[in-house]
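Enquirer: I'd like to ask you about the structure that follows.
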Amino acid sequence: MSERRSRRAVEERLAQALERRVGVPAARLARDATFESLGLDSEEAVEIAGELEAWLGRPVPATVLYDNPTIAAVAEELGGGGGDAEGPRRRRSRPAGATDPVALVGIGCRFPGGDGPDEFWELLRDGRDAVREPPTEREALRDGGRPSRRGAFLDGVDRFDAAFFGISPREAAEMDPQQRLLLEVAWEALEDGGIPASALAGEPVGVFVGVSGADYFDLLMSAAGGPGRYAATGGATSLVPNRLSYALDLRGPSVAVDTACSSSLVAVHLACQALRTGDCDLALAGGVNLVLRPEPSEALERLGMLSDGGRCRPFDDDADGFVRGEGAGVVVLKRLADARADGDPVYALVRGSAVGSDGRSNGVLAPNGKAQAALLRGAYERAGVDPAAVSYVEAHGVGAPLGDAVEANALGAVLAPGRTLDAPCAFGSVKGNIGHLESAAGIASVVKVALALRERRLPPSIGTERLHRAIAADSLPLELQREPAEWKADEPVAGVSAFGFGGTGAHAVLQGVAG
């Protein structure tokens with residue numbers, strides 16, 4: 001005979017069943033801890049479902065502990081009148097138009113020399129260089145102090161508050177620090193935007209993350225005794241965004257993006273598309289990169305891509321490659337109408353963006369100026385912005401002599417119509433400050449521009465003494481932003497570029513908000 005039980009009664013019964021299996025007293029079991037974090041396996045979960053069915057006297061799905069992965073969730077499902085049978089709750093009635101702006105309402109970041117948006121802005125404003133020797137605890141990266149192994153590194157990437165995110169110490173030890181870092185930075189981005197993470201549980205929130213390095217997975221595979229229980233999920237790059245969606249119970253798209261150095265800007269592009277089509281109501285977009293093994297640096301060095309002098313010198317005539325950098329950045333994005341309805345402060349608007357490939361160029365790693373120009377024109381067309389209205393471009397600018405020259409000349413060609421040489425567009429690259437963050441490079445550029453739009457100040461682009469001779473400086477309406485300057489416009493417009501070494505490029509158009 002079926003009997004209706006209260007939510008409290010279901011909680012107590014379930015806690016008792018768990019106590020017998022995981023050895024934790026029922027009174028000490030956190031009602032919001034996941035069953036996985038308590039060490040419950042699939043067979044035990046099915047057994048408990050059967051016990052609850054017999055106790056309630058009515059059918060209980062064998063998967064009830066998976067569909068509702070905490071004591072509180074199961075109690076709500078079985079004793080609170082049923083859960084959310086329709087899945088994610090849609091807060092908004094319709095998606096935005098294909099060309100409607102997207103509002104950037106929150107920023108979280110850990111960049112070399114700048115922990116958080118305010119510290120990062122100070123680094124940019126002051127024109128400081130965060131490149132240095134690898135930290136002493138990463139001895140394998142140091143290679144005798146060779147300048148080419150210098151980089152822009154983060155400290156403390158081994159530290160993580162696993163309990164805060166409901167992750168067991170054993171699993172945390174086998175989680176790629178890129179997963180752990182993204183969890184922390186995304187949480188900080190939501191805090192910056194005044195959005196409680198708990199309010200997003202079950203909501204159609206998208207996560208789009210640029211990630212390409214798998215150094216930690218290689219370390220796990222080569223560990224003494226072989227990989228552990230959590231190595232597969234802990235080391236997979238695909239799990240970087242999925243881990244965040246899981247931890248916060250986000251129900252929108254959860255996508256890892258790997259287009260090499262353009263990954264995180266492509267992630268921003270995809271996030272904006274998802275907001276405009278209604279795939280999600282809020283999006284977290286960004287990228288992460290850590291340098292944990294020496295072999296990738298050795299491979300890049302053999303390709304001639306790393307700087308012998310140990311510095312990124314964007315667009316400089318003596319540039320000889322880049323230095324590798326680490327970091328993570330996440331931006332919180334909403335449809336503009338939703339941000340206004342919610343009363344959110346807005347850093348900047350993403351007016352539009354485009355993604356494309358170089359196609360066939362003079363080698364798979366060689367840039368294609370015509371393809372880059374077409375990409376830029378497409379981005380401004382989608383944004384509904386005349387390129388002549390752009391007053392600053394945050395370029396890719398890694399310090400590769402050929403690549404930088406191709407980029408600058410393509411940029412100048414697109415920006416030239418309707419512009420005179422005595423009213424040039426400023427440009428620069430954050431890589432002079434923090435090196436090349438690879439899969440996180442694009443989001444570092446977006447954050448730099450968003451902060452500059454908020455402050456109405458253009459920070460200096462450092463590391464360049466003399467423009468490369470292959471850049472047609474006398475005929476292009478471009479001027480390197482060498483000194484800090486006021487950004488004189490009510491709603492200034494900026495471009496942000498990122499190009500992957502396999503040919504995938506992205507360009508986003510950002511605009512400041514008046515007042």
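Identifiers in this document derive from the order of the structure tokens: chains are assigned A, B, ..., residues are numbered from 1 separately in each chain, and ligands are numbered from 1 in order of occurrence.
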Using the chain letters and numbers from this document, which residues of region 164-253 of chain A does DSSP assign to alpha helix (DSSP H), as an NGL selection string?

Expert: :A and (169-173 or 177-192 or 215-221 or 231-235 or 239-248)

Enquirer: Since we have the selection now, will you write its residues out, keeping N, CA and C atoms, as a compact mmCIF listing (two decimals), in the first residue's frame?

Expert:
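Saved file out-v6.txt follows:
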# COMPACT_ATOMS: atom_id res chain seq x y z
N PRO A 169 39.09 14.89 -1.68
CA PRO A 169 40.54 15.09 -1.85
C PRO A 169 41.16 14.11 -2.84
N ARG A 170 40.68 12.88 -2.84
CA ARG A 170 41.24 11.87 -3.74
C ARG A 170 40.98 12.24 -5.20
N GLU A 171 39.76 12.68 -5.50
CA GLU A 171 39.47 13.06 -6.88
C GLU A 171 40.20 14.35 -7.26
N ALA A 172 40.26 15.30 -6.34
CA ALA A 172 40.91 16.58 -6.62
C ALA A 172 42.37 16.37 -7.00
N ALA A 173 43.03 15.39 -6.37
CA ALA A 173 44.45 15.15 -6.66
C ALA A 173 44.67 14.70 -8.09
N PRO A 177 44.81 20.77 -12.96
CA PRO A 177 44.68 22.10 -12.36
C PRO A 177 43.93 23.09 -13.26
N GLN A 178 43.86 22.83 -14.56
CA GLN A 178 43.07 23.69 -15.43
C GLN A 178 41.59 23.60 -15.08
N GLN A 179 41.11 22.40 -14.72
CA GLN A 179 39.73 22.26 -14.26
C GLN A 179 39.52 23.02 -12.96
N ARG A 180 40.46 22.87 -12.05
CA ARG A 180 40.33 23.50 -10.74
C ARG A 180 40.38 25.02 -10.87
N LEU A 181 41.30 25.52 -11.69
CA LEU A 181 41.45 26.95 -11.87
C LEU A 181 40.20 27.55 -12.50
N LEU A 182 39.63 26.86 -13.48
CA LEU A 182 38.43 27.39 -14.12
C LEU A 182 37.26 27.46 -13.15
N LEU A 183 37.12 26.46 -12.28
CA LEU A 183 36.05 26.50 -11.28
C LEU A 183 36.16 27.78 -10.44
N GLU A 184 37.35 28.07 -9.97
CA GLU A 184 37.55 29.23 -9.10
C GLU A 184 37.31 30.54 -9.85
N VAL A 185 37.84 30.64 -11.04
CA VAL A 185 37.73 31.89 -11.79
C VAL A 185 36.29 32.14 -12.24
N ALA A 186 35.59 31.09 -12.63
CA ALA A 186 34.18 31.26 -13.02
C ALA A 186 33.34 31.71 -11.83
N TRP A 187 33.61 31.14 -10.66
CA TRP A 187 32.89 31.56 -9.44
C TRP A 187 33.15 33.05 -9.18
N GLU A 188 34.41 33.47 -9.34
CA GLU A 188 34.76 34.88 -9.11
C GLU A 188 34.10 35.79 -10.15
N ALA A 189 33.96 35.31 -11.39
CA ALA A 189 33.29 36.09 -12.42
C ALA A 189 31.82 36.31 -12.07
N LEU A 190 31.16 35.28 -11.57
CA LEU A 190 29.77 35.42 -11.15
C LEU A 190 29.65 36.38 -9.97
N GLU A 191 30.57 36.27 -9.01
CA GLU A 191 30.57 37.22 -7.89
C GLU A 191 30.75 38.65 -8.38
N ASP A 192 31.66 38.83 -9.34
CA ASP A 192 31.91 40.16 -9.89
C ASP A 192 30.65 40.73 -10.54
N ASP A 215 48.85 18.77 -20.48
CA ASP A 215 50.07 18.40 -19.76
C ASP A 215 49.79 17.49 -18.57
N TYR A 216 48.75 17.81 -17.82
CA TYR A 216 48.48 17.05 -16.60
C TYR A 216 48.03 15.63 -16.91
N PHE A 217 47.29 15.46 -17.99
CA PHE A 217 46.87 14.13 -18.40
C PHE A 217 48.10 13.26 -18.69
N ASP A 218 49.09 13.84 -19.35
CA ASP A 218 50.33 13.11 -19.62
C ASP A 218 51.02 12.72 -18.31
N LEU A 219 51.00 13.64 -17.34
CA LEU A 219 51.61 13.32 -16.04
C LEU A 219 50.86 12.17 -15.35
N LEU A 220 49.53 12.18 -15.42
CA LEU A 220 48.74 11.12 -14.81
C LEU A 220 49.01 9.77 -15.47
N MET A 221 49.15 9.78 -16.80
CA MET A 221 49.36 8.53 -17.52
C MET A 221 50.74 7.93 -17.23
N ALA A 231 41.75 9.43 -13.20
CA ALA A 231 42.65 10.01 -14.19
C ALA A 231 41.93 10.33 -15.50
N ALA A 232 41.02 9.48 -15.93
CA ALA A 232 40.36 9.70 -17.22
C ALA A 232 39.55 10.98 -17.21
N THR A 233 38.74 11.17 -16.17
CA THR A 233 37.94 12.39 -16.08
C THR A 233 38.78 13.57 -15.62
N GLY A 234 39.79 13.31 -14.79
CA GLY A 234 40.61 14.39 -14.29
C GLY A 234 41.51 14.99 -15.34
N GLY A 235 41.91 14.20 -16.33
CA GLY A 235 42.86 14.70 -17.31
C GLY A 235 42.27 15.08 -18.64
N LEU A 239 36.51 17.76 -20.22
CA LEU A 239 35.86 17.88 -18.91
C LEU A 239 36.04 19.25 -18.27
N VAL A 240 36.88 20.11 -18.84
CA VAL A 240 37.13 21.41 -18.22
C VAL A 240 35.82 22.21 -18.11
N PRO A 241 35.07 22.42 -19.20
CA PRO A 241 33.78 23.11 -19.03
C PRO A 241 32.74 22.23 -18.36
N ASN A 242 32.78 20.93 -18.64
CA ASN A 242 31.78 20.03 -18.06
C ASN A 242 31.86 20.02 -16.54
N ARG A 243 33.07 20.11 -16.01
CA ARG A 243 33.25 20.13 -14.55
C ARG A 243 32.53 21.32 -13.94
N LEU A 244 32.59 22.47 -14.60
CA LEU A 244 31.91 23.66 -14.09
C LEU A 244 30.40 23.49 -14.18
N SER A 245 29.92 22.98 -15.31
CA SER A 245 28.47 22.77 -15.46
C SER A 245 27.97 21.79 -14.41
N TYR A 246 28.76 20.77 -14.14
CA TYR A 246 28.37 19.78 -13.13
C TYR A 246 28.36 20.39 -11.73
N ALA A 247 29.42 21.11 -11.40
CA ALA A 247 29.54 21.66 -10.04
C ALA A 247 28.41 22.63 -9.72
N LEU A 248 28.01 23.43 -10.70
CA LEU A 248 26.97 24.44 -10.46
C LEU A 248 25.60 24.02 -10.96

Enquirer: Can you pull out the residues contacting region 27-39 of chain A? Cut-off 10 Å, using only C-alpha atoms, and skip same-chain residues under 3 positions away; I want them as an mmCIF file with N, CA, C and O atoms, in the first residue's frame.

Expert:
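Writing the result to part_5.cif gives the following:
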data_model
loop_
_atom_site.group_PDB
_atom_site.id
_atom_site.type_symbol
_atom_site.label_atom_id
_atom_site.label_comp_id
_atom_site.auth_asym_id
_atom_site.auth_seq_id
_atom_site.Cartn_x
_atom_site.Cartn_y
_atom_site.Cartn_z
ATOM 1 N N GLU A 11 14.550 12.229 3.760
ATOM 2 C CA GLU A 11 15.942 12.593 4.054
ATOM 3 C C GLU A 11 16.538 11.659 5.105
ATOM 4 O O GLU A 11 17.657 11.157 4.951
ATOM 5 N N GLU A 12 15.800 11.437 6.201
ATOM 6 C CA GLU A 12 16.310 10.610 7.300
ATOM 7 C C GLU A 12 16.502 9.168 6.858
ATOM 8 O O GLU A 12 17.516 8.534 7.182
ATOM 9 N N ALA A 15 19.504 9.000 4.531
ATOM 10 C CA ALA A 15 20.752 9.181 5.283
ATOM 11 C C ALA A 15 21.133 7.903 6.021
ATOM 12 O O ALA A 15 22.317 7.541 6.108
ATOM 13 N N GLN A 16 20.136 7.203 6.557
ATOM 14 C CA GLN A 16 20.415 5.944 7.246
ATOM 15 C C GLN A 16 20.947 4.887 6.273
ATOM 16 O O GLN A 16 21.872 4.131 6.598
ATOM 17 N N LEU A 18 22.569 5.484 3.555
ATOM 18 C CA LEU A 18 23.930 5.884 3.193
ATOM 19 C C LEU A 18 24.914 5.567 4.311
ATOM 20 O O LEU A 18 26.043 5.136 4.063
ATOM 21 N N GLU A 19 24.508 5.783 5.542
ATOM 22 C CA GLU A 19 25.387 5.516 6.683
ATOM 23 C C GLU A 19 25.876 4.074 6.660
ATOM 24 O O GLU A 19 27.058 3.790 6.923
ATOM 25 N N ARG A 21 26.410 2.240 4.187
ATOM 26 C CA ARG A 21 27.278 1.938 3.043
ATOM 27 C C ARG A 21 28.562 2.758 3.011
ATOM 28 O O ARG A 21 29.592 2.250 2.559
ATOM 29 N N VAL A 22 28.509 4.004 3.444
ATOM 30 C CA VAL A 22 29.707 4.849 3.331
ATOM 31 C C VAL A 22 30.378 5.085 4.672
ATOM 32 O O VAL A 22 31.458 5.686 4.736
ATOM 33 N N GLY A 23 29.732 4.652 5.770
ATOM 34 C CA GLY A 23 30.383 4.723 7.068
ATOM 35 C C GLY A 23 30.389 6.085 7.724
ATOM 36 O O GLY A 23 31.108 6.289 8.711
ATOM 37 N N VAL A 24 29.578 7.012 7.234
ATOM 38 C CA VAL A 24 29.478 8.343 7.838
ATOM 39 C C VAL A 24 28.156 8.413 8.595
ATOM 40 O O VAL A 24 27.100 8.093 8.030
ATOM 41 N N SER A 42 27.547 2.756 -8.350
ATOM 42 C CA SER A 42 26.284 2.614 -9.075
ATOM 43 C C SER A 42 25.437 1.463 -8.537
ATOM 44 O O SER A 42 24.203 1.565 -8.457
ATOM 45 N N GLU A 44 25.350 0.290 -5.465
ATOM 46 C CA GLU A 44 24.765 0.707 -4.193
ATOM 47 C C GLU A 44 23.624 1.702 -4.406
ATOM 48 O O GLU A 44 22.615 1.674 -3.677
ATOM 49 N N ALA A 45 23.762 2.581 -5.416
ATOM 50 C CA ALA A 45 22.708 3.557 -5.710
ATOM 51 C C ALA A 45 21.419 2.848 -6.113
ATOM 52 O O ALA A 45 20.316 3.232 -5.695
ATOM 53 N N LEU A 65 18.792 8.241 -7.798
ATOM 54 C CA LEU A 65 19.952 8.876 -7.172
ATOM 55 C C LEU A 65 20.881 9.521 -8.198
ATOM 56 O O LEU A 65 21.776 10.270 -7.834
ATOM 57 N N TYR A 66 20.670 9.214 -9.464
ATOM 58 C CA TYR A 66 21.453 9.871 -10.524
ATOM 59 C C TYR A 66 20.735 11.101 -11.052
ATOM 60 O O TYR A 66 21.360 12.127 -11.342
ATOM 61 N N ASN A 68 18.732 12.813 -9.307
ATOM 62 C CA ASN A 68 18.681 13.726 -8.159
ATOM 63 C C ASN A 68 19.880 13.400 -7.270
ATOM 64 O O ASN A 68 19.762 12.612 -6.323
ATOM 65 N N PRO A 69 21.062 13.964 -7.531
ATOM 66 C CA PRO A 69 22.312 13.428 -6.988
ATOM 67 C C PRO A 69 22.673 13.837 -5.570
ATOM 68 O O PRO A 69 23.822 13.686 -5.167
ATOM 69 N N THR A 70 21.742 14.371 -4.777
ATOM 70 C CA THR A 70 22.017 14.698 -3.384
ATOM 71 C C THR A 70 20.849 14.236 -2.525
ATOM 72 O O THR A 70 19.748 13.974 -3.027
ATOM 73 N N ILE A 71 21.088 14.159 -1.206
ATOM 74 C CA ILE A 71 20.007 13.771 -0.295
ATOM 75 C C ILE A 71 18.840 14.744 -0.420
ATOM 76 O O ILE A 71 17.665 14.333 -0.493
ATOM 77 N N ALA A 72 19.150 16.041 -0.445
ATOM 78 C CA ALA A 72 18.085 17.044 -0.524
ATOM 79 C C ALA A 72 17.282 16.910 -1.808
ATOM 80 O O ALA A 72 16.055 17.061 -1.817
ATOM 81 N N ALA A 73 17.971 16.613 -2.927
ATOM 82 C CA ALA A 73 17.269 16.511 -4.207
ATOM 83 C C ALA A 73 16.356 15.287 -4.241
ATOM 84 O O ALA A 73 15.224 15.353 -4.740
ATOM 85 N N VAL A 74 16.829 14.169 -3.709
ATOM 86 C CA VAL A 74 15.983 12.975 -3.666
ATOM 87 C C VAL A 74 14.778 13.209 -2.758
ATOM 88 O O VAL A 74 13.650 12.813 -3.081
ATOM 89 N N ALA A 75 15.003 13.863 -1.633
ATOM 90 C CA ALA A 75 13.900 14.150 -0.720
ATOM 91 C C ALA A 75 12.865 15.052 -1.374
ATOM 92 O O ALA A 75 11.653 14.872 -1.186
ATOM 93 N N ALA A 163 36.878 21.044 -1.009
ATOM 94 C CA ALA A 163 35.645 20.921 -0.226
ATOM 95 C C ALA A 163 34.633 21.991 -0.607
ATOM 96 O O ALA A 163 33.418 21.747 -0.567
ATOM 97 N N PHE A 165 33.880 23.048 -3.455
ATOM 98 C CA PHE A 165 33.126 22.620 -4.626
ATOM 99 C C PHE A 165 32.583 21.197 -4.478
ATOM 100 O O PHE A 165 32.112 20.611 -5.449
ATOM 101 N N GLY A 166 32.634 20.647 -3.262
ATOM 102 C CA GLY A 166 32.077 19.329 -3.026
ATOM 103 C C GLY A 166 32.849 18.211 -3.698
ATOM 104 O O GLY A 166 32.270 17.198 -4.115
ATOM 105 N N ILE A 167 34.168 18.363 -3.812
ATOM 106 C CA ILE A 167 35.009 17.372 -4.478
ATOM 107 C C ILE A 167 35.901 16.702 -3.431
ATOM 108 O O ILE A 167 36.495 17.377 -2.595
ATOM 109 N N SER A 168 35.988 15.396 -3.485
ATOM 110 C CA SER A 168 36.791 14.678 -2.505
ATOM 111 C C SER A 168 38.278 14.940 -2.746
ATOM 112 O O SER A 168 38.700 15.182 -3.879
ATOM 113 N N PRO A 169 39.094 14.895 -1.683
ATOM 114 C CA PRO A 169 40.539 15.091 -1.855
ATOM 115 C C PRO A 169 41.157 14.114 -2.840
ATOM 116 O O PRO A 169 42.051 14.473 -3.602
ATOM 117 N N ARG A 170 40.679 12.885 -2.840
ATOM 118 C CA ARG A 170 41.240 11.875 -3.744
ATOM 119 C C ARG A 170 40.980 12.243 -5.198
ATOM 120 O O ARG A 170 41.861 12.141 -6.048
ATOM 121 N N GLU A 171 39.764 12.682 -5.499
ATOM 122 C CA GLU A 171 39.468 13.062 -6.880
ATOM 123 C C GLU A 171 40.201 14.347 -7.257
ATOM 124 O O GLU A 171 40.712 14.482 -8.370
ATOM 125 N N ALA A 247 29.420 21.110 -11.395
ATOM 126 C CA ALA A 247 29.536 21.656 -10.041
ATOM 127 C C ALA A 247 28.413 22.630 -9.719
ATOM 128 O O ALA A 247 27.920 22.666 -8.582
#

Enquirer: Using only C-alpha atoms, determine which residues lie at most 8 Å from Tyr380 (chain A), disregarding the query and same-chain residues fewer than 6 positions distant; provide the list as a PyMOL selection string.

Expert: chain A and resi 352-353+386-387+509

Enquirer: Ranking A:Phe427, A:Phe322, A:Phe160, A:Phe111 by minimum distance to Leu290 (chain A) and counting only C-alpha atoms, which one comes first?

Expert: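 Of the candidates, the smallest distance to Leu290 (chain A) is held by A:Phe111.
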
Enquirer: If we count only C-alpha atoms and set the cut-off at 10 Å, which residues sit around Glu53 (chain A), ignoring sequence neighbours fewer than 5 positions away in its own chain? Please answer as a PyMOL selection string.

Expert: chain A and resi 2+47-48+58-62+78

Enquirer: Produce a file of the selected residues containing all heavy atoms, as a compact mmCIF listing (two decimals), in the first residue's frame.

Expert:
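Saved to out.txt:
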# COMPACT_ATOMS: atom_id res chain seq x y z
N SER A 2 0.60 2.16 -0.93
CA SER A 2 1.41 3.37 -1.06
C SER A 2 1.17 4.30 0.11
O SER A 2 0.04 4.48 0.55
CB SER A 2 1.06 4.10 -2.37
OG SER A 2 1.76 5.31 -2.44
N GLU A 47 20.60 -0.25 -5.28
CA GLU A 47 20.10 -0.93 -4.09
C GLU A 47 19.27 0.01 -3.22
O GLU A 47 18.19 -0.34 -2.72
CB GLU A 47 21.27 -1.48 -3.26
CG GLU A 47 21.97 -2.67 -3.88
CD GLU A 47 23.18 -3.08 -3.06
OE1 GLU A 47 23.48 -2.39 -2.05
OE2 GLU A 47 23.83 -4.08 -3.42
N ILE A 48 19.78 1.23 -3.02
CA ILE A 48 19.07 2.20 -2.18
C ILE A 48 17.73 2.57 -2.82
O ILE A 48 16.71 2.72 -2.13
CB ILE A 48 19.95 3.43 -1.95
CG1 ILE A 48 21.12 3.07 -1.03
CG2 ILE A 48 19.14 4.57 -1.34
CD1 ILE A 48 22.11 4.20 -0.83
N ARG A 58 5.56 2.39 -3.36
CA ARG A 58 5.23 2.86 -4.71
C ARG A 58 6.49 2.84 -5.56
O ARG A 58 7.60 2.81 -5.04
CB ARG A 58 4.63 4.27 -4.68
CG ARG A 58 5.47 5.33 -4.03
CD ARG A 58 4.69 6.65 -3.94
NE ARG A 58 5.36 7.66 -3.13
CZ ARG A 58 6.25 8.53 -3.56
NH1 ARG A 58 6.60 8.51 -4.86
NH2 ARG A 58 6.78 9.42 -2.74
N PRO A 59 6.32 2.83 -6.88
CA PRO A 59 7.50 2.71 -7.75
C PRO A 59 8.47 3.88 -7.58
O PRO A 59 8.07 5.03 -7.46
CB PRO A 59 6.89 2.72 -9.17
CG PRO A 59 5.49 2.26 -8.99
CD PRO A 59 5.05 2.81 -7.65
N VAL A 60 9.74 3.54 -7.53
CA VAL A 60 10.82 4.52 -7.50
C VAL A 60 11.81 4.15 -8.60
O VAL A 60 12.29 3.01 -8.62
CB VAL A 60 11.53 4.54 -6.13
CG1 VAL A 60 12.79 5.41 -6.19
CG2 VAL A 60 10.59 5.05 -5.05
N PRO A 61 12.12 5.04 -9.51
CA PRO A 61 13.06 4.71 -10.59
C PRO A 61 14.40 4.27 -10.03
O PRO A 61 14.91 4.82 -9.05
CB PRO A 61 13.19 6.02 -11.38
CG PRO A 61 11.98 6.81 -11.02
CD PRO A 61 11.63 6.43 -9.61
N ALA A 62 14.99 3.27 -10.65
CA ALA A 62 16.30 2.79 -10.22
C ALA A 62 17.36 3.87 -10.36
O ALA A 62 18.40 3.83 -9.70
CB ALA A 62 16.69 1.56 -11.05
N LEU A 78 10.97 12.75 -3.98
CA LEU A 78 10.09 11.70 -3.45
C LEU A 78 9.17 12.16 -2.34
O LEU A 78 8.13 11.53 -2.10
CB LEU A 78 10.94 10.53 -2.94
CG LEU A 78 11.85 9.86 -3.97
CD1 LEU A 78 12.61 8.71 -3.33
CD2 LEU A 78 11.05 9.37 -5.17

Enquirer: Given only C-alpha atoms as the basis, pick out the residue of A:Gly403, A:Gly127, A:Pro424, A:Pro227 nearest to Leu458 (chain A).

Expert: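 Of the candidates, the smallest distance to Leu458 (chain A) is held by A:Gly127.
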
Enquirer: DSSP on the backbone, strand (DSSP E) only: what residues of region 74-240 of chain A does that give? Format it as a list in words.

Expert: Val102, Ala103, Leu104, Val105, Gly106, Ile107, Gly108, Cys109, Arg110, Phe111, Gly114, Asp115, Gly151, Ala152, Val205, Gly206, Val207, Phe208, Val209 and Gly210 of chain A

Enquirer: Considering only C-alpha atoms, can you say which of A:Gly228, A:Val346, A:Asp422, A:Arg150 comes closest to Val102 (chain A)?

Expert: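 Closest to Val102 (chain A), using only C-alpha atoms: A:Val346.
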